[in-house]
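S.K.: So here's entry06.cif, just mmCIF, C-alpha atoms and all ligand atoms:
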data_work
#
loop_
_atom_site.label_atom_id
_atom_site.label_comp_id
_atom_site.auth_asym_id
_atom_site.auth_seq_id
_atom_site.Cartn_x
_atom_site.Cartn_y
_atom_site.Cartn_z
CA MET E 1 -13.89 21.55 4.33
CA LEU E 2 -10.25 21.23 3.35
CA ASN E 3 -8.30 24.32 2.40
CA ILE E 4 -6.77 22.78 -0.72
CA GLU E 5 -4.89 25.92 -1.72
CA LYS E 6 -3.13 25.96 1.63
CA ILE E 7 -2.49 22.21 1.49
CA ARG E 8 -0.95 22.54 -1.97
CA GLU E 9 1.51 25.10 -0.56
CA ASP E 10 2.94 22.27 1.55
CA PHE E 11 3.98 20.27 -1.55
CA PRO E 12 6.92 21.95 -3.31
CA ILE E 13 6.75 19.63 -6.31
CA LEU E 14 3.26 20.86 -7.19
CA LYS E 15 4.86 24.16 -8.27
CA ARG E 16 6.81 22.35 -10.98
CA LYS E 17 6.22 22.75 -14.66
CA VAL E 18 6.39 19.71 -16.91
CA ASN E 19 6.87 20.32 -20.62
CA GLY E 20 6.11 23.97 -19.92
CA LYS E 21 2.75 23.18 -18.30
CA PRO E 22 1.84 23.11 -14.62
CA LEU E 23 2.23 19.56 -13.30
CA VAL E 24 -1.02 17.63 -12.86
CA TYR E 25 -0.01 14.66 -10.74
CA PHE E 26 -2.57 11.85 -10.97
CA ASP E 27 -0.16 8.97 -10.30
CA ASN E 28 -0.75 8.87 -6.57
CA ALA E 29 -1.46 5.14 -6.52
CA ALA E 30 2.14 4.60 -7.65
CA THR E 31 3.50 6.96 -5.01
CA SER E 32 2.29 10.11 -3.32
CA GLN E 33 4.09 13.44 -3.28
CA LYS E 34 5.83 14.62 -0.10
CA PRO E 35 4.93 17.67 1.97
CA GLN E 36 7.63 20.07 3.17
CA GLN E 37 7.03 18.83 6.74
CA VAL E 38 8.26 15.34 5.77
CA ILE E 39 11.16 16.70 3.72
CA ASP E 40 12.15 18.95 6.66
CA CYS E 41 12.00 15.99 9.01
CA LEU E 42 14.50 14.06 6.85
CA VAL E 43 16.82 17.07 6.58
CA ASP E 44 16.58 17.73 10.32
CA TYR E 45 17.38 14.12 11.17
CA TYR E 46 20.46 13.99 8.96
CA SER E 47 21.54 17.53 9.92
CA ASN E 48 21.11 17.26 13.68
CA HIS E 49 20.56 13.76 15.05
CA ASN E 50 22.11 11.18 12.72
CA ALA E 51 23.58 8.17 14.55
CA ASN E 52 23.00 4.46 14.70
CA ILE E 53 20.25 3.41 17.07
CA HIS E 54 19.76 1.01 19.98
CA ARG E 55 23.44 0.51 20.69
CA GLY E 56 25.16 3.79 21.50
CA VAL E 57 25.61 5.37 24.91
CA HIS E 58 26.24 8.75 23.33
CA ILE E 59 23.64 11.46 23.07
CA LEU E 60 23.14 11.37 19.29
CA SER E 61 22.44 7.64 19.39
CA GLN E 62 19.94 8.16 22.18
CA GLU E 63 18.21 10.96 20.27
CA ALA E 64 18.04 8.89 17.09
CA THR E 65 16.71 5.89 19.05
CA ASP E 66 14.05 8.03 20.73
CA LEU E 67 12.94 9.57 17.44
CA PHE E 68 12.75 6.15 15.77
CA GLU E 69 10.88 4.51 18.67
CA ASN E 70 8.52 7.50 18.94
CA ALA E 71 7.68 7.00 15.27
CA ARG E 72 6.83 3.38 16.05
CA ILE E 73 4.46 4.57 18.79
CA LYS E 74 2.81 7.04 16.38
CA LEU E 75 2.24 4.18 13.96
CA GLN E 76 0.96 1.94 16.74
CA LYS E 77 -1.59 4.61 17.67
CA HIS E 78 -2.54 5.31 14.07
CA PHE E 79 -3.30 1.66 13.34
CA ASN E 80 -4.56 1.03 16.88
CA ALA E 81 -2.21 -1.89 17.53
CA SER E 82 -2.34 -2.91 21.17
CA LYS E 83 1.46 -2.91 21.56
CA ALA E 84 4.20 -0.83 19.92
CA TYR E 85 6.31 -3.96 19.38
CA GLU E 86 3.60 -5.38 17.11
CA ILE E 87 4.72 -2.71 14.60
CA ILE E 88 7.75 -3.98 12.66
CA PHE E 89 9.59 -1.57 10.38
CA THR E 90 10.06 -2.98 6.89
CA SER E 91 11.30 -1.54 3.62
CA GLY E 92 7.69 -1.53 2.37
CA THR E 93 4.67 -3.67 1.62
CA THR E 94 6.59 -6.15 -0.52
CA HIS E 95 9.10 -6.74 2.27
CA GLY E 96 6.34 -7.22 4.85
CA ILE E 97 4.54 -9.80 2.72
CA ASN E 98 7.78 -11.69 2.08
CA MET E 99 8.51 -11.75 5.83
CA ILE E 100 5.25 -13.55 6.44
CA SER E 101 5.36 -15.87 3.43
CA ASN E 102 8.88 -16.86 4.47
CA GLY E 103 7.73 -17.33 8.06
CA PHE E 104 5.06 -19.79 7.01
CA SER E 105 7.44 -22.07 5.10
CA ASP E 106 7.85 -24.41 8.09
CA LEU E 107 4.17 -24.27 9.00
CA LEU E 108 2.63 -25.52 5.74
CA GLY E 109 2.57 -28.91 4.07
CA VAL E 110 1.15 -30.63 1.00
CA HIS E 111 -2.35 -30.95 2.44
CA ASP E 112 -2.67 -27.26 3.25
CA GLU E 113 -4.34 -24.55 1.22
CA ILE E 114 -3.77 -20.82 1.12
CA ILE E 115 -6.11 -18.32 -0.53
CA VAL E 116 -5.40 -15.17 -2.50
CA SER E 117 -7.83 -12.90 -4.36
CA ALA E 118 -8.03 -12.21 -8.08
CA LEU E 119 -7.62 -8.49 -7.35
CA GLU E 120 -4.06 -8.56 -6.04
CA HIS E 121 -0.87 -6.68 -6.82
CA HIS E 122 1.96 -9.02 -7.91
CA SER E 123 3.55 -8.40 -4.47
CA ASN E 124 0.68 -10.28 -2.88
CA ILE E 125 0.77 -13.14 -5.41
CA VAL E 126 4.36 -14.07 -6.23
CA PRO E 127 5.69 -14.59 -2.65
CA TRP E 128 2.81 -17.02 -2.01
CA GLN E 129 3.46 -18.91 -5.23
CA MET E 130 7.07 -19.27 -4.09
CA LEU E 131 5.82 -20.50 -0.71
CA CYS E 132 3.62 -23.12 -2.40
CA GLU E 133 6.58 -24.30 -4.50
CA LYS E 134 8.62 -24.73 -1.33
CA THR E 135 5.97 -26.43 0.80
CA GLY E 136 3.69 -28.23 -1.69
CA ALA E 137 0.67 -26.28 -0.36
CA THR E 138 -2.06 -25.32 -2.85
CA LEU E 139 -2.82 -21.72 -3.83
CA LYS E 140 -6.52 -21.01 -4.44
CA VAL E 141 -7.90 -17.81 -5.95
CA ILE E 142 -11.09 -15.96 -4.97
CA PRO E 143 -12.51 -15.02 -8.39
CA MET E 144 -13.63 -11.51 -9.33
CA ASN E 145 -16.67 -10.44 -11.31
CA VAL E 146 -16.92 -8.01 -14.20
CA LYS E 147 -17.64 -5.14 -11.80
CA GLY E 148 -14.20 -5.71 -10.27
CA GLU E 149 -15.55 -7.12 -7.01
CA LEU E 150 -14.70 -10.38 -5.26
CA GLU E 151 -17.10 -13.31 -5.59
CA MET E 152 -17.75 -13.85 -1.91
CA ASP E 153 -19.95 -16.94 -2.37
CA ASN E 154 -17.04 -18.60 -4.08
CA PHE E 155 -14.78 -17.59 -1.22
CA ARG E 156 -17.15 -19.09 1.35
CA ALA E 157 -17.21 -22.34 -0.62
CA MET E 158 -13.44 -22.63 -0.84
CA LEU E 159 -12.80 -22.22 2.89
CA SER E 160 -12.22 -25.42 4.86
CA GLU E 161 -10.12 -26.78 7.69
CA LYS E 162 -7.35 -27.12 5.08
CA THR E 163 -7.18 -23.32 4.73
CA LYS E 164 -4.22 -22.00 6.69
CA LEU E 165 -3.81 -18.47 5.41
CA VAL E 166 -5.82 -15.90 3.43
CA PHE E 167 -4.25 -12.73 1.95
CA VAL E 168 -6.14 -9.97 0.21
CA ASN E 169 -5.68 -6.29 -0.36
CA HIS E 170 -7.82 -3.78 1.47
CA VAL E 171 -8.10 -1.64 -1.67
CA SER E 172 -7.12 -2.70 -5.20
CA ASN E 173 -4.46 -0.44 -6.69
CA ALA E 174 -5.57 -1.30 -10.23
CA LEU E 175 -9.33 -0.70 -9.90
CA GLY E 176 -9.83 1.04 -6.56
CA THR E 177 -12.21 -1.64 -5.24
CA ILE E 178 -12.60 -1.55 -1.45
CA ASN E 179 -12.73 -5.20 -0.45
CA PRO E 180 -14.98 -6.52 2.35
CA ILE E 181 -11.98 -7.33 4.54
CA LYS E 182 -13.85 -7.57 7.84
CA GLU E 183 -16.09 -10.26 6.39
CA ILE E 184 -13.07 -12.03 4.86
CA ILE E 185 -11.25 -11.96 8.20
CA ASP E 186 -14.23 -13.29 10.16
CA LEU E 187 -14.97 -16.08 7.66
CA SER E 188 -11.30 -17.10 7.59
CA HIS E 189 -10.99 -17.15 11.36
CA ALA E 190 -14.07 -19.35 11.57
CA VAL E 191 -12.05 -22.13 9.85
CA GLY E 192 -8.88 -21.33 11.81
CA ALA E 193 -7.01 -19.54 8.99
CA ALA E 194 -4.79 -16.51 9.57
CA VAL E 195 -5.33 -13.38 7.47
CA LEU E 196 -2.86 -10.91 5.99
CA ILE E 197 -4.22 -7.63 4.66
CA ASP E 198 -2.21 -5.71 2.07
CA GLY E 199 -3.00 -2.11 2.95
CA ALA E 200 -0.64 -0.43 0.46
CA GLN E 201 -3.44 1.20 -1.50
CA ALA E 202 -5.89 1.61 1.39
CA THR E 203 -3.78 3.45 3.95
CA PRO E 204 -3.58 6.75 2.03
CA HIS E 205 -7.38 6.95 2.16
CA LEU E 206 -8.60 4.94 5.16
CA ARG E 207 -7.42 4.42 8.70
CA PRO E 208 -7.50 0.73 9.52
CA ASP E 209 -8.07 -0.28 13.13
CA VAL E 210 -6.19 -3.56 13.32
CA GLN E 211 -7.79 -4.57 16.61
CA ALA E 212 -11.35 -3.94 15.41
CA LEU E 213 -10.56 -5.74 12.15
CA ASP E 214 -8.90 -8.54 14.13
CA CYS E 215 -6.50 -9.17 11.21
CA ASP E 216 -3.40 -11.21 11.95
CA PHE E 217 -1.11 -9.14 9.73
CA TYR E 218 -1.48 -5.75 8.03
CA VAL E 219 1.21 -4.33 5.74
CA CYS E 220 1.73 -0.97 4.04
CA SER E 221 4.32 1.38 2.52
CA ALA E 222 5.09 4.91 3.74
CA HIS E 223 5.68 6.26 0.24
CA LYS E 224 2.00 5.97 -0.66
CA LEU E 225 1.00 8.10 2.32
CA CYS E 226 3.27 11.11 1.95
CA GLY E 227 6.29 9.42 3.55
CA PRO E 228 9.63 8.41 2.02
CA THR E 229 10.35 5.36 -0.12
CA GLY E 230 12.14 2.38 1.38
CA ILE E 231 10.13 2.24 4.61
CA GLY E 232 6.87 0.61 5.63
CA ILE E 233 5.41 -1.46 8.40
CA LEU E 234 4.23 -4.92 9.12
CA TYR E 235 1.66 -5.10 11.89
CA GLY E 236 1.46 -8.59 13.34
CA LYS E 237 -0.42 -9.96 16.32
CA GLU E 238 2.06 -10.62 19.11
CA SER E 239 1.21 -14.35 19.23
CA TRP E 240 1.95 -14.74 15.50
CA LEU E 241 5.15 -12.70 15.60
CA ASN E 242 6.40 -14.82 18.48
CA LYS E 243 5.54 -18.00 16.61
CA LEU E 244 7.14 -17.12 13.26
CA PRO E 245 10.90 -17.41 12.69
CA PRO E 246 12.92 -14.26 11.96
CA TYR E 247 13.17 -13.30 8.31
CA GLN E 248 16.85 -12.34 8.34
CA GLY E 249 19.73 -13.03 10.68
CA GLY E 250 22.23 -10.39 11.70
CA GLY E 251 22.90 -7.61 14.15
CA GLU E 252 20.11 -6.06 16.24
CA MET E 253 17.90 -9.18 16.07
CA ILE E 254 19.79 -11.31 18.58
CA SER E 255 19.79 -11.75 22.30
CA GLU E 256 23.04 -13.75 22.54
CA VAL E 257 25.38 -15.13 19.92
CA THR E 258 27.84 -17.98 20.36
CA PHE E 259 29.10 -20.36 17.70
CA GLU E 260 27.11 -23.11 19.41
CA LYS E 261 23.77 -21.33 19.62
CA THR E 262 22.18 -17.95 19.00
CA THR E 263 19.06 -16.72 20.74
CA TYR E 264 16.84 -14.10 19.20
CA ALA E 265 15.87 -10.71 20.54
CA ASP E 266 12.36 -9.90 21.67
CA LEU E 267 9.85 -8.16 19.42
CA PRO E 268 10.12 -6.00 17.43
CA HIS E 269 13.91 -6.44 17.07
CA LYS E 270 13.64 -10.12 16.12
CA PHE E 271 12.31 -8.95 12.74
CA GLU E 272 14.55 -5.91 12.32
CA ALA E 273 18.01 -7.30 11.54
CA GLY E 274 20.69 -4.82 10.59
CA THR E 275 20.64 -1.03 10.64
CA PRO E 276 17.13 0.01 9.67
CA ASN E 277 16.03 2.96 7.57
CA ILE E 278 16.17 5.23 10.61
CA ALA E 279 15.46 8.53 8.84
CA GLY E 280 12.69 6.85 6.85
CA GLY E 281 11.01 5.49 9.97
CA ILE E 282 11.10 8.89 11.67
CA ALA E 283 9.79 10.61 8.54
CA PHE E 284 7.02 7.99 8.28
CA GLY E 285 5.94 9.21 11.71
CA ALA E 286 6.04 12.82 10.44
CA ALA E 287 3.90 11.83 7.44
CA ILE E 288 1.33 10.22 9.75
CA ASP E 289 1.27 13.40 11.87
CA TYR E 290 0.77 15.44 8.71
CA LEU E 291 -2.13 13.30 7.47
CA ASN E 292 -3.77 13.19 10.88
CA GLY E 293 -3.44 16.99 11.06
CA ILE E 294 -5.71 17.14 8.01
CA GLY E 295 -7.80 14.15 9.13
CA LEU E 296 -8.13 10.87 7.23
CA GLU E 297 -11.93 11.23 7.24
CA ASN E 298 -11.68 14.67 5.62
CA ILE E 299 -9.18 13.31 3.11
CA ALA E 300 -11.43 10.36 2.21
CA ALA E 301 -14.50 12.61 1.81
CA TYR E 302 -12.68 15.08 -0.45
CA GLU E 303 -11.04 12.35 -2.54
CA ASN E 304 -14.45 10.79 -3.00
CA GLU E 305 -15.70 14.10 -4.37
CA LEU E 306 -12.78 14.11 -6.82
CA LEU E 307 -13.52 10.52 -7.76
CA ASN E 308 -17.18 11.25 -8.47
CA TYR E 309 -16.38 14.41 -10.40
CA GLY E 310 -13.63 12.71 -12.43
CA THR E 311 -15.89 9.76 -13.21
CA LYS E 312 -18.72 12.02 -14.35
CA ARG E 313 -16.42 14.12 -16.54
CA LEU E 314 -14.65 11.14 -18.12
CA LYS E 315 -18.00 9.57 -18.97
CA GLU E 316 -18.55 12.50 -21.37
CA ILE E 317 -16.00 10.88 -23.68
CA GLU E 318 -17.56 8.52 -26.17
CA GLY E 319 -16.00 5.06 -26.31
CA LEU E 320 -14.45 5.44 -22.85
CA LYS E 321 -14.87 2.46 -20.54
CA ILE E 322 -14.16 2.57 -16.82
CA TYR E 323 -13.15 -0.68 -15.11
CA GLY E 324 -14.01 -1.50 -11.52
CA PRO E 325 -16.97 -0.89 -9.24
CA GLU E 326 -19.19 2.20 -9.49
CA THR E 327 -19.36 2.67 -5.74
CA ASN E 328 -17.34 1.50 -2.77
CA LYS E 329 -14.04 2.40 -4.35
CA ALA E 330 -11.17 4.67 -3.43
CA SER E 331 -9.47 7.33 -5.52
CA VAL E 332 -8.67 5.34 -8.67
CA ILE E 333 -10.19 5.59 -12.14
CA SER E 334 -8.92 2.88 -14.47
CA PHE E 335 -10.12 3.25 -18.04
CA ASN E 336 -9.55 2.70 -21.74
CA ILE E 337 -10.79 4.30 -24.92
CA GLU E 338 -12.03 2.04 -27.68
CA ASN E 339 -9.33 0.95 -30.13
CA ILE E 340 -6.60 3.09 -28.56
CA HIS E 341 -3.64 1.66 -26.64
CA PRO E 342 -3.46 3.09 -23.08
CA TYR E 343 0.25 3.87 -23.53
CA ASP E 344 -0.50 6.20 -26.45
CA ILE E 345 -2.93 8.27 -24.40
CA GLY E 346 -0.47 8.36 -21.47
CA SER E 347 2.36 9.59 -23.70
CA ILE E 348 0.31 12.38 -25.27
CA ILE E 349 -1.06 13.69 -22.00
CA ASP E 350 2.44 13.59 -20.48
CA LYS E 351 3.40 16.18 -23.09
CA LEU E 352 0.61 18.31 -21.59
CA GLY E 353 2.10 18.04 -18.08
CA ILE E 354 -0.20 15.27 -16.81
CA ALA E 355 1.20 12.28 -14.94
CA VAL E 356 -0.94 9.13 -15.02
CA ARG E 357 0.06 5.47 -15.08
CA THR E 358 -0.56 3.22 -18.03
CA GLY E 359 -0.13 -0.54 -18.17
CA HIS E 360 -1.04 -3.49 -15.97
CA HIS E 361 -0.31 -1.73 -12.63
CA CYS E 362 1.48 -4.86 -11.34
CA ALA E 363 -1.86 -6.68 -11.50
CA GLN E 364 -1.65 -8.70 -14.71
CA PRO E 365 -4.35 -11.22 -13.70
CA ILE E 366 -6.90 -8.37 -13.56
CA MET E 367 -5.95 -7.25 -17.07
CA ASP E 368 -6.15 -10.87 -18.28
CA PHE E 369 -9.63 -11.11 -16.77
CA TYR E 370 -10.78 -8.14 -18.87
CA LYS E 371 -8.69 -9.34 -21.85
CA ILE E 372 -6.90 -5.99 -22.15
CA PRO E 373 -3.19 -5.12 -22.22
CA GLY E 374 -3.65 -2.54 -19.51
CA THR E 375 -5.51 0.62 -18.58
CA ILE E 376 -4.92 4.32 -18.10
CA ARG E 377 -5.07 4.91 -14.36
CA ALA E 378 -5.77 8.32 -12.88
CA SER E 379 -5.37 8.19 -9.10
CA PHE E 380 -6.17 11.16 -6.90
CA ALA E 381 -4.84 12.53 -3.64
CA PHE E 382 -6.20 15.20 -1.32
CA TYR E 383 -3.93 17.86 -2.91
CA ASN E 384 -5.55 17.41 -6.33
CA THR E 385 -8.35 19.66 -7.55
CA LYS E 386 -11.41 19.62 -9.80
CA GLU E 387 -9.64 22.18 -12.02
CA GLU E 388 -6.86 19.63 -12.56
CA ILE E 389 -9.50 17.05 -13.47
CA ASP E 390 -10.88 19.47 -16.08
CA ILE E 391 -7.39 19.93 -17.56
CA PHE E 392 -6.94 16.15 -17.59
CA VAL E 393 -10.30 15.45 -19.26
CA GLU E 394 -9.61 18.03 -21.97
CA ALA E 395 -6.18 16.47 -22.53
CA VAL E 396 -7.68 12.98 -22.85
CA LYS E 397 -10.23 14.34 -25.35
CA LYS E 398 -7.41 15.93 -27.35
CA ALA E 399 -5.37 12.70 -27.30
CA LYS E 400 -8.41 10.75 -28.45
CA THR E 401 -8.92 13.10 -31.41
CA MET E 402 -5.24 12.81 -32.35
CA LEU E 403 -5.24 9.00 -32.13
CA SER E 404 -8.62 8.23 -33.73
N1 LIG Y 501 0.14 -3.99 -2.92
C1 LIG Y 501 -0.58 -2.99 -3.42
C2 LIG Y 501 -2.09 -3.06 -3.38
C3 LIG Y 501 0.05 -1.87 -3.97
O1 LIG Y 501 -0.66 -0.87 -4.45
C4 LIG Y 501 1.47 -1.82 -3.95
C5 LIG Y 501 2.21 -0.63 -4.53
N2 LIG Y 501 1.74 -0.17 -5.74
C6 LIG Y 501 2.18 -2.90 -3.41
C7 LIG Y 501 1.47 -3.95 -2.90
C8 LIG Y 501 3.67 -2.91 -3.37
O2 LIG Y 501 4.16 -1.89 -2.57
P1 LIG Y 501 5.72 -1.56 -2.50
O3 LIG Y 501 6.19 -1.50 -3.91
O4 LIG Y 501 5.77 -0.24 -1.81
O5 LIG Y 501 6.37 -2.65 -1.73
#
Output the file's structure as structure tokens, nothing else.

M.R.:
Amino acid sequence: MLNIEKIREDFPILKRKVNGKPLVYFDNAATSQKPQQVIDCLVDYYSNHNANIHRGVHILSQEATDLFENARIKLQKHFNASKAYEIIFTSGTTHGINMISNGFSDLLGVHDEIIVSALEHHSNIVPWQMLCEKTGATLKVIPMNVKGELEMDNFRAMLSEKTKLVFVNHVSNALGTINPIKEIIDLSHAVGAAVLIDGAQATPHLRPDVQALDCDFYVCSAHKLCGPTGIGILYGKESWLNKLPPYQGGGEMISEVTFEKTTYADLPHKFEAGTPNIAGGIAFGAAIDYLNGIGLENIAAYENELLNYGTKRLKEIEGLKIYGPETNKASVISFNIENIHPYDIGSIIDKLGIAVRTGHHCAQPIMDFYKIPGTIRASFAFYNTKEEIDIFVEAVKKAKTMLS
């Protein structure tokens, strides 16, 4: 059992009032709030240890380097990567995906196919479209069904020796669907294709074991799991990271530079050109410590309770339709109310202190599939409560009455 009252004490922003009402923050799928422990970590770094890393002989540089590299080890352990240098610091999920799509530009040709799913965030669609434009490879799409699940028979049928890469999210940020990624990885490997998993929406709720999954790449963003913005990781299997070219050239990523020839540094530095987000990396480690202190399993179980309670309560509202699967989903309720634009509901409940997201959630193809402009998305975190859900449901009812 989680002590939610105590947990909420850790999040200063939860004491805020919005429009004179206590904040109800249900926009966690856009970004999570930050506990004091993570905020303190950032302040401590800048107050006491700030220096550039990996190159100084002085004590501050050594301290900063140790803190940053220790954070990498924490992340390695959390994701169960076999080596710390398989964890590359990025600016977030989008950056990680672009690193890989860029890396494949010399490996693909006109006869090759790459496969995406219909349930993706734009970050896991657009870089691959750009890659296909560059290489002439074909982008295929695993279709979804009306329940918001992937059509796996279709996926099986589209795999062939032409398939070079498959990229799907672990959890859909728009619908909350938990995708069968282990099956997708195994089927893809059977035809020799590499697999990238976008874990941006999964990592706040689940702890992926990259070795057990056997994925080739796994990407996520710290800001969705209580860490700062502007930092994330790319996990890549050592063999792939050695094979792919660096994403950017610059300082830190070289072994030797002459005007005739430059050689690249070993992993992970080959993919970390320039001064990284040092404070962000260290605070990402602090966020992982914080979450593991509560326990990802406990978090997932409690969030599931919130999800079930929220779903049940919202279903009381006539004309309300929830999109996405009934089970096997994580922490997201995406819905609409008959004949009312999602934005109008969002604006009214904002006046009542409730933060939700309205719109396409960077997943326009999903909205096109349902032929809707967007949805209202309530997304929960472990610091939310059933009482907040009650306030939210009453606010949605009120908005419905005002707009009908
Ligand atoms: N993929 C998914 C599934 C997401 O939920 C998000 C963030 N909403 C992203 C990718 C992009 O993450 P970021 O903006 O942190 O790069």

S.K.: Which residues of chain E come within 10 Å of ligand LIG 501 (chain Y), and what is each one's closest atom pair and distance in Å (one decimal), counting only C-alpha atoms and all ligand atoms, sorted by chain and residue number, as JSON lines?

M.R.:
{"residue": "E:Asn28", "atom": "CA", "partner": "Y:LIG501", "partner_atom": "N2", "distance": 9.4}
{"residue": "E:Ala29", "atom": "CA", "partner": "Y:LIG501", "partner_atom": "N2", "distance": 6.2}
{"residue": "E:Ala30", "atom": "CA", "partner": "Y:LIG501", "partner_atom": "N2", "distance": 5.2}
{"residue": "E:Thr31", "atom": "CA", "partner": "Y:LIG501", "partner_atom": "N2", "distance": 7.4}
{"residue": "E:Thr90", "atom": "CA", "partner": "Y:LIG501", "partner_atom": "O5", "distance": 9.4}
{"residue": "E:Ser91", "atom": "CA", "partner": "Y:LIG501", "partner_atom": "O5", "distance": 7.4}
{"residue": "E:Gly92", "atom": "CA", "partner": "Y:LIG501", "partner_atom": "O5", "distance": 4.5}
{"residue": "E:Thr93", "atom": "CA", "partner": "Y:LIG501", "partner_atom": "O5", "distance": 3.9}
{"residue": "E:Thr94", "atom": "CA", "partner": "Y:LIG501", "partner_atom": "O5", "distance": 3.7}
{"residue": "E:His95", "atom": "CA", "partner": "Y:LIG501", "partner_atom": "O5", "distance": 6.3}
{"residue": "E:Gly96", "atom": "CA", "partner": "Y:LIG501", "partner_atom": "O5", "distance": 8.0}
{"residue": "E:Ile97", "atom": "CA", "partner": "Y:LIG501", "partner_atom": "O5", "distance": 8.6}
{"residue": "E:Asn98", "atom": "CA", "partner": "Y:LIG501", "partner_atom": "O5", "distance": 9.9}
{"residue": "E:Leu119", "atom": "CA", "partner": "Y:LIG501", "partner_atom": "C2", "distance": 8.7}
{"residue": "E:Glu120", "atom": "CA", "partner": "Y:LIG501", "partner_atom": "C2", "distance": 6.4}
{"residue": "E:His121", "atom": "CA", "partner": "Y:LIG501", "partner_atom": "N1", "distance": 4.8}
{"residue": "E:His122", "atom": "CA", "partner": "Y:LIG501", "partner_atom": "C7", "distance": 7.1}
{"residue": "E:Ser123", "atom": "CA", "partner": "Y:LIG501", "partner_atom": "C7", "distance": 5.2}
{"residue": "E:Asn124", "atom": "CA", "partner": "Y:LIG501", "partner_atom": "N1", "distance": 6.3}
{"residue": "E:Ile125", "atom": "CA", "partner": "Y:LIG501", "partner_atom": "N1", "distance": 9.5}
{"residue": "E:Val168", "atom": "CA", "partner": "Y:LIG501", "partner_atom": "C2", "distance": 8.8}
{"residue": "E:Asn169", "atom": "CA", "partner": "Y:LIG501", "partner_atom": "C2", "distance": 5.7}
{"residue": "E:His170", "atom": "CA", "partner": "Y:LIG501", "partner_atom": "C2", "distance": 7.5}
{"residue": "E:Val171", "atom": "CA", "partner": "Y:LIG501", "partner_atom": "C2", "distance": 6.4}
{"residue": "E:Ser172", "atom": "CA", "partner": "Y:LIG501", "partner_atom": "C2", "distance": 5.4}
{"residue": "E:Asn173", "atom": "CA", "partner": "Y:LIG501", "partner_atom": "O1", "distance": 4.4}
{"residue": "E:Ala174", "atom": "CA", "partner": "Y:LIG501", "partner_atom": "O1", "distance": 7.6}
{"residue": "E:Gly176", "atom": "CA", "partner": "Y:LIG501", "partner_atom": "C2", "distance": 9.3}
{"residue": "E:Ile197", "atom": "CA", "partner": "Y:LIG501", "partner_atom": "N1", "distance": 9.5}
{"residue": "E:Asp198", "atom": "CA", "partner": "Y:LIG501", "partner_atom": "N1", "distance": 5.8}
{"residue": "E:Gly199", "atom": "CA", "partner": "Y:LIG501", "partner_atom": "C2", "distance": 6.5}
{"residue": "E:Ala200", "atom": "CA", "partner": "Y:LIG501", "partner_atom": "C1", "distance": 4.6}
{"residue": "E:Gln201", "atom": "CA", "partner": "Y:LIG501", "partner_atom": "O1", "distance": 4.6}
{"residue": "E:Ala202", "atom": "CA", "partner": "Y:LIG501", "partner_atom": "C2", "distance": 7.7}
{"residue": "E:Thr203", "atom": "CA", "partner": "Y:LIG501", "partner_atom": "O1", "distance": 9.9}
{"residue": "E:Val219", "atom": "CA", "partner": "Y:LIG501", "partner_atom": "C7", "distance": 8.7}
{"residue": "E:Cys220", "atom": "CA", "partner": "Y:LIG501", "partner_atom": "O2", "distance": 7.1}
{"residue": "E:Ser221", "atom": "CA", "partner": "Y:LIG501", "partner_atom": "O4", "distance": 4.8}
{"residue": "E:Ala222", "atom": "CA", "partner": "Y:LIG501", "partner_atom": "O4", "distance": 7.6}
{"residue": "E:His223", "atom": "CA", "partner": "Y:LIG501", "partner_atom": "O4", "distance": 6.8}
{"residue": "E:Lys224", "atom": "CA", "partner": "Y:LIG501", "partner_atom": "O4", "distance": 7.4}
{"residue": "E:Thr229", "atom": "CA", "partner": "Y:LIG501", "partner_atom": "O4", "distance": 7.4}
{"residue": "E:Gly230", "atom": "CA", "partner": "Y:LIG501", "partner_atom": "O4", "distance": 7.6}
{"residue": "E:Ile231", "atom": "CA", "partner": "Y:LIG501", "partner_atom": "O4", "distance": 8.1}
{"residue": "E:Gly232", "atom": "CA", "partner": "Y:LIG501", "partner_atom": "O4", "distance": 7.6}
{"residue": "E:His361", "atom": "CA", "partner": "Y:LIG501", "partner_atom": "N2", "distance": 7.4}
{"residue": "E:Cys362", "atom": "CA", "partner": "Y:LIG501", "partner_atom": "N2", "distance": 7.3}
{"residue": "E:Ala363", "atom": "CA", "partner": "Y:LIG501", "partner_atom": "C2", "distance": 8.9}

S.K.: Which polymer residues have any atom within 12 Å of an atom of Met367 (chain E), counting all atoms listed in the file, with same-chain residues fewer than 4 positions away left out, as a list in words?

M.R.: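 Within the cut-off, the hits are Ala118, Leu119, Glu120, His121, Met144, Val146, Gly148, Ala174, Leu175, Tyr323, Gly324, Ser334, Phe335, Asn336, Thr358, Gly359, His360, His361, Cys362, Ala363, Lys371, Ile372, Pro373, Gly374, Thr375 and Ile376 of chain E.
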
S.K.: Between CA of Ala286 (chain E) and CA of Tyr235 (chain E), what is the distance, to one decimal in Å?

M.R.: 18.5 Å

S.K.: How many Å lie between CA of Val24 (chain E) and CA of Phe392 (chain E), rounded to one decimal?

M.R.: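 Separation between CA of Val24 (chain E) and CA of Phe392 (chain E): 7.7 Å.
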
S.K.: Neighbours of Asp186 (chain E) within 9 Å (all atoms listed in the file; same-chain residues fewer than 5 positions away dropped), as number ranges by chain?

M.R.: E: 181, 213-215

S.K.: Could you state the separation of CA of Gly295 (chain E) and CA of Ser47 (chain E) in Å, given to one decimal place?

M.R.: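 Those two atoms sit 29.5 Å apart.
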
S.K.: Kindly provide, as number ranges by chain, the polymer residues lying within 12 Å of (3.7, 2.5, 14.9), counting all atoms listed in the file and using the coordinates exactly as they appear in the file.

M.R.: E: 67-90, 210, 218-220, 222, 232-236, 268, 281-289
